[in-house]
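Here's the structure, in structure tokens; my notes come after.
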Amino acid sequence: MTSYVIKDVCILDGKPTDILIRDGVIAEIGAGLKGDEVIDGSGCIALPGLVDLHTHLREPGREDAETILSGSRAAAKGGFTAVHAMANTYPVADTAGVVEQVWRLGQEAGLVDVRPVGAVTMGLEGSALAELGAMADSAAAVRVFSDDGKCVHDALLMRRALEYVKAFDGVVAQHAQEPRLTQDAQMNEGVLSGKLGLAGWPAVAEEAIIARDVLLAHHVGSRLHICHLSTAGSVEIIRWAKSRGINVTAEVTPHHLYFTDEVVESYDPVYKVNPPLRTAADVAAVRAGLADGTINIVATDHAPHPSEAKDCEWTAAAFGMTGLESALSVVYETMVVTGLMNWAAVADRMSVAPAIIGRVNDQGQPIAVGAPANLVIFDPRASELVEARKTVSASRNTPYAGRTLPGKVVATFFRGKPTVRNGELNA
Amino acid sequence: MKHLLSAADLSRDAALQILDTAKQLSLATEQGVGKLPPLRGRTVVNLFYEDSTRTRISFEAAAKRLSADVINFSAVGSSVSKGESLKDTALTLEAMGADAVVIRHNSSGAPHRLANAGWISGGVVNAGDGTHEHPTQALLDAYTLRDHLRGGQGDLTGLRVTIVGDVLHSRVARSNVLLLNTLGAKVCLVAPPTLLPYGVQDWDCEVSYDLDACLEGADAVMMLRVQRERMNAAYFPTSHEYSNRYGLNVTRMNRLSPDAVIMHPGPMNRGMEISADVADSNRSVIVEQVANGVSVRMAVLYLMLGGSESVK
């Protein structure tokens with residue numbers, strides 16, 4: 001197996017050094033290392049390969065939007081070495097058969113670890129538990145369960161799910177959205193929704209579910225994860241819950257760190273997403289929450305859609321935006337450039353912590369001799385104009401199109417093999 | 001004026017130019033010259049995704065009086081009902097050479113998309129989009145107010161206009177608040193709290209839950225249509241209670257100052273937000289609003305397609 005040496009790269013916030021990768025592991029770290037192939041890492045940062053807890057790969061069923069292969073390529077391009085494929089496919093990933101199919105297709109693609117997420121309820125219908133144990137025991141070894149896209153809004157069903165997954169160390173990842181308060185909702189409910197005449201998605205619809213669920217998790221002693229937290233109030237509730245010792249973790253998306261709802265004024269559906277983009281005060285709060293660890297991780301909620309789902313009027317458009325390829329640059333711009341986090345914190349929020357929450361072996365480990373060689377090399381000096389037509393994802397609904405984002409993934413290593421080299425896919 | 005998408009697009013001068021032009025066009029029409037020639041050879045498409053007979057025929061009459069060719073494209077019975085996207089419809093209209101598209105759509109912002117997505121090159125007039133705006137309605141309301149209360153000249157400085165009803169779902173209210181402010185009038189919105197948009201306290205107007213407190217001193221009261229179905233979504237308990245608390249009846253009308261006028265964008269729910277006696281009273285200018293609608297829409301199409309020089 002070819003060995004690689006990355007020269008003069010800074011491991012997180014450290015001094016420049018060389019990293020030797022051989023036989024799928026980090027063989028040596030130090031000055032003057034030699035390998036079969038040399039990658040210039042000067043000026044670049046080495047982080048553990050990124051782990052996404054929230055990815056929509058669309059296969060099976062919506063291969064026009066993304067496949068497991070195209071999504072794996074997009075993930076590698078963005079510096080990821082593991083992704084969690086959400087369950088809202090067609091058919092829904094609510095049986096051992098579907099999650100094993102997804103898992104196997106991920107292995108065949110071979111660019112990242114594809115960890116299927118199992119549905120909490122059959123058909124995402126919120127009425128009866130899916131066979132959670134069968135999915136956990138399957139070859140896919142599912143540990144994260146979510147009806148994402150829909151909220152497990154029935155309190156009793158949520159309680160049972162939280163309890164049941166304890167048997168196999170699973171976690172329920174809740175899409176916190178009170179359905180009645182968000183009927184036909186189109187954007188954040190605020191002054192702007194009133195002005196634009198778009199039905200509002202109030203912060204309380206997210207916060208009420210999170211408040212209920214942290215209390216439920218406390219009551220039954222279970223592990224709870226909150227998907228794509230988006231409001232200042234939600235940050236406060238999670239902070240309170242953690243102060244009480246409740247076993248809850250939370251994620252924020254790159255787009256909720258970056259955008260405010262003001263971009264909706266264009267009525268361009270590329271900005272239509274669920275939960276919706278929020279106010280500047282919310283953006284400041286989620287950034288602060290991510291920096292102080294109240295929010296444990298960044299997760300992309302990469303949601304590819306075919307162009308016809310966005311090339312239309314706002315209310316007819318689909319919710320969601322792509323995010324795998326831009327995530328690290330967005331976190332760099334919103335959290336590192338602003339001085340809120342250092343690289344060690346980025347590694348924690350985008351690799352270490354999500355791997356722990358998802359119970360992903362061999363991922364999210366510190367860059368140290370003997371560790372699996374899952375790495376991303378990021379050049380913070382570069383910057384790139386985002387062009388939708390250049391995305392690796394099969395879909396083009398990136399909200400960053402036309403914007404310049406700082407930094408660039410130079411190389412990604414997945415189990416010792418470069419999936420990205422010189423900023424380009426190696427497969 | 002390339003497009004008219006929102007009342008906020010209009011400066012005071014631009015709004016007054018439309019009103020003045022509408023006045024001249026109205027006089028020219030009254031003089032019985034028949035059709036005016038300025039838009040001869042131009043094509044105006046009425047693209048209506050919602051049933052709205054009155055607004056559609058108003059735009060149709062306006063365009064025809066200016067000698068434009070009019071194509072009515074209704075969502076009912078057209079390719080739209082077969083699932084054609086707004087984009088494909090727009091590309092079709094572009095290929096057919098539409099100089100202006102008048103669009104009524106149930107999705108807020110659809111006219112913005114039509115104007116800005118690069119699908120068509122012609123002008124776009126918003127004839128009502130979802131719960132967003134209806135700028136030509138605001139223009140015809142301003143025209144009517146000016147005619148009655150300002151002698152048909154100048155702006156509306158100092159006028160007090162009370163707008164009552166389902167502000168939350170009303171594109172008429174949004175456009176009126178914007179335009180009336182631009183023209184110097186003071187607006188007071190009156191509705192039950194459930195029918196006011198979130199954040200309305202930040203709008204440039206007064207807000208009240210009490211109709212009786214907002215009648216005195218008003219120069220005009222504009223009643224908004226309230227759909228009876230709203231009570232099924234718990235916006236108010238019954239239509240009877242709504243009518244008692246927020247309906248304009250004769251008792252309330254008699255408390256208005258003698259010169260105050262009563263307006264309604266139509267279609268009315270008689271007995272709901274407005275009693276029949278009020279609707280048919282001599283203070284009601286509701287029928288005039290309809291007539292003025294044609295003049296104002298002529299002015300908008302003229303200024304958009306015919307140039308900005310004044311009417312000869």
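The way I read the labels, and the way they are meant: chains A, B, ... in the order of the structure tokens, residue 1 as the first residue of every chain, and ligand 1 as the first ligand shown, with later ones counted on from there.
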Please identify all residues of chain B having at least one atom at most 12 Å from any atom of chain A, considering only C-alpha atoms, and return them as a PyMOL selection string. chain B and resi 5-8+83-90+105-119+128-134+167-175+177-178+195-204+233
Save the residues we just selected, C-alpha atoms, as an mmCIF file, in the first residue's frame?
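Output file result-v3.cif follows:
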```
data_model
loop_
_atom_site.group_PDB
_atom_site.id
_atom_site.type_symbol
_atom_site.label_atom_id
_atom_site.label_comp_id
_atom_site.auth_asym_id
_atom_site.auth_seq_id
_atom_site.Cartn_x
_atom_site.Cartn_y
_atom_site.Cartn_z
ATOM 1 C CA LEU B 5 -44.117 44.279 -7.545
ATOM 2 C CA SER B 6 -44.650 46.072 -4.253
ATOM 3 C CA ALA B 7 -46.119 49.365 -3.137
ATOM 4 C CA ALA B 8 -42.752 49.889 -1.477
ATOM 5 C CA GLY B 83 -49.070 20.696 -13.675
ATOM 6 C CA GLU B 84 -47.017 23.106 -15.761
ATOM 7 C CA SER B 85 -44.564 25.077 -13.665
ATOM 8 C CA LEU B 86 -44.546 28.849 -13.402
ATOM 9 C CA LYS B 87 -41.204 28.768 -15.167
ATOM 10 C CA ASP B 88 -42.501 26.892 -18.182
ATOM 11 C CA THR B 89 -45.543 29.115 -18.406
ATOM 12 C CA ALA B 90 -43.267 32.140 -18.239
ATOM 13 C CA HIS B 105 -50.792 34.127 -7.814
ATOM 14 C CA ASN B 106 -51.589 32.377 -4.553
ATOM 15 C CA SER B 107 -47.907 32.172 -3.642
ATOM 16 C CA SER B 108 -46.407 35.232 -1.980
ATOM 17 C CA GLY B 109 -43.431 36.426 -3.990
ATOM 18 C CA ALA B 110 -44.397 34.711 -7.256
ATOM 19 C CA PRO B 111 -44.287 38.055 -9.131
ATOM 20 C CA HIS B 112 -40.784 38.663 -7.729
ATOM 21 C CA ARG B 113 -39.680 35.306 -9.065
ATOM 22 C CA LEU B 114 -41.280 35.987 -12.422
ATOM 23 C CA ALA B 115 -39.553 39.369 -12.652
ATOM 24 C CA ASN B 116 -36.142 38.340 -11.330
ATOM 25 C CA ALA B 117 -35.525 34.698 -12.205
ATOM 26 C CA GLY B 118 -34.505 35.491 -15.773
ATOM 27 C CA TRP B 119 -37.437 33.682 -17.323
ATOM 28 C CA GLY B 128 -52.041 40.233 -5.899
ATOM 29 C CA ASP B 129 -49.651 37.566 -4.592
ATOM 30 C CA GLY B 130 -50.636 35.293 -1.759
ATOM 31 C CA THR B 131 -50.776 37.202 1.492
ATOM 32 C CA HIS B 132 -48.077 39.603 0.366
ATOM 33 C CA GLU B 133 -49.138 42.618 -1.700
ATOM 34 C CA HIS B 134 -51.618 44.054 -4.133
ATOM 35 C CA VAL B 167 -54.713 42.044 8.175
ATOM 36 C CA LEU B 168 -52.771 38.800 8.632
ATOM 37 C CA HIS B 169 -53.925 37.351 5.330
ATOM 38 C CA SER B 170 -54.462 40.644 3.515
ATOM 39 C CA ARG B 171 -52.280 41.733 0.629
ATOM 40 C CA VAL B 172 -54.471 44.825 0.381
ATOM 41 C CA ALA B 173 -53.565 45.933 3.904
ATOM 42 C CA ARG B 174 -49.829 45.466 3.351
ATOM 43 C CA SER B 175 -49.794 47.500 0.152
ATOM 44 C CA VAL B 177 -49.892 50.674 4.736
ATOM 45 C CA LEU B 178 -46.849 51.156 2.524
ATOM 46 C CA LEU B 195 -55.525 38.367 12.649
ATOM 47 C CA LEU B 196 -52.558 40.713 12.949
ATOM 48 C CA PRO B 197 -49.166 39.615 11.602
ATOM 49 C CA TYR B 198 -46.371 38.798 14.031
ATOM 50 C CA GLY B 199 -44.236 41.899 14.389
ATOM 51 C CA VAL B 200 -46.940 44.326 13.261
ATOM 52 C CA GLN B 201 -45.895 46.677 16.055
ATOM 53 C CA ASP B 202 -42.811 47.424 13.968
ATOM 54 C CA TRP B 203 -44.885 48.529 10.986
ATOM 55 C CA ASP B 204 -45.193 52.197 10.219
ATOM 56 C CA ALA B 233 -58.613 27.761 12.379
#
```
List as a list in words the protein and nucleic acid residues near B:Ser284, meaning an atom at most 12 Å away when only C-alpha atoms are counted, but skip any in the same chain fewer than 5 places from it.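 Counting only C-alpha atoms, the residues come to Thr144, Leu145, His148, Ala220, Val221, Met222, Met223, Leu248, Val250, Met253, Asp259, Ala260, Val261, Ile262, Met263, His264, Pro265, Ile274, Ser275, Ala276, Asp277, Val278, Ala279 and Gln289 of chain B.
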Identify, on the basis of only C-alpha atoms, every residue whose closest approach to A:Gly170 does not exceed 12 Å; exclude the query and any residue fewer than 6 positions from it along the same chain; express the result as a ChimeraX atom specification. /A:117-118,120,132-133,135-137,141-146,161-164,222-225,356-360
Considering only C-alpha atoms, return as a PyMOL selection string whatever protein or nucleic-acid residues lie within 8 Å of A:Ala353, sequence-local ones (same chain, fewer than 5 positions apart) excluded. chain A and resi 296-297+348+364
Near-B:Ala299 list (9 Å; only C-alpha atoms; drop same-chain fewer than 6 positions) as a ChimeraX atom specification: /B:17-25,62
Selection to disk with C-alpha atoms, as a PDB file, in the first residue's frame:
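part-v8.pdb, written as the output of this step:
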```pdb
ATOM      1  CA  GLN B  17     -47.222  60.391 -11.296  1.00  0.00           C
ATOM      2  CA  ILE B  18     -49.382  57.273 -11.509  1.00  0.00           C
ATOM      3  CA  LEU B  19     -52.316  58.992  -9.816  1.00  0.00           C
ATOM      4  CA  ASP B  20     -51.989  62.083 -12.013  1.00  0.00           C
ATOM      5  CA  THR B  21     -51.703  59.965 -15.133  1.00  0.00           C
ATOM      6  CA  ALA B  22     -54.736  57.966 -14.057  1.00  0.00           C
ATOM      7  CA  LYS B  23     -56.681  61.196 -13.655  1.00  0.00           C
ATOM      8  CA  GLN B  24     -55.769  62.348 -17.160  1.00  0.00           C
ATOM      9  CA  LEU B  25     -56.597  58.958 -18.650  1.00  0.00           C
ATOM     10  CA  ALA B  62     -57.399  48.971 -18.759  1.00  0.00           C
TER      11      ALA B  62
END
```
Any chance you could list, as a PyMOL selection string, the residues in stretch 18-224 of chain A that come up strand (DSSP E) when DSSP is run on the backbone? chain A and resi 18-22+25-30+37-40+45-48+50-55+80-85+113-116+144-145+171-174+187-188+200-201+224
Rounded to one decimal, what separation in Å do you get between atom CA of A:His84 and atom CA of A:Thr322? 14.6 Å
Between atom CA of A:Val98 and atom CA of A:Arg62 - distance in Å to one decimal: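 According to the coordinates, atom CA of A:Arg62 and atom CA of A:Val98 are separated by 14.1 Å.
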12 Å contact set for B:Leu10, only C-alpha atoms, chain neighbours under 5 positions out, as a PyMOL selection string: chain B and resi 1-5+15-19+135-136+138-139+175-176+178-183+300
Counting only C-alpha atoms, which residues of stretch 317-374 of chain A fall within 10 Å of stretch 388-397 of chain A, and what is the closest atom pair for each with its distance in Å at one decimal, ordered by chain and rising number, as a tab-separated table?
```
residue	atom	partner	partner_atom	distance
A:Gly320	CA	A:Asn397	CA	8.1
A:Met321	CA	A:Asn397	CA	5.5
A:Thr322	CA	A:Asn397	CA	5.8
A:Gly323	CA	A:Asn397	CA	9.0
A:Leu324	CA	A:Ser393	CA	8.4
A:Glu325	CA	A:Thr391	CA	7.7
A:Ser326	CA	A:Thr391	CA	9.8
```
Please compute the atom CA of A:Leu50-atom CA of A:Asp113 distance, one decimal, in Å. 10.7 Å
For A:Thr249, which residue out of A:Met1, A:Ile210, A:Leu425, A:Ala327 is the nearest one, using only C-alpha atoms?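 Distance minimum relative to A:Thr249 lands on A:Ile210.
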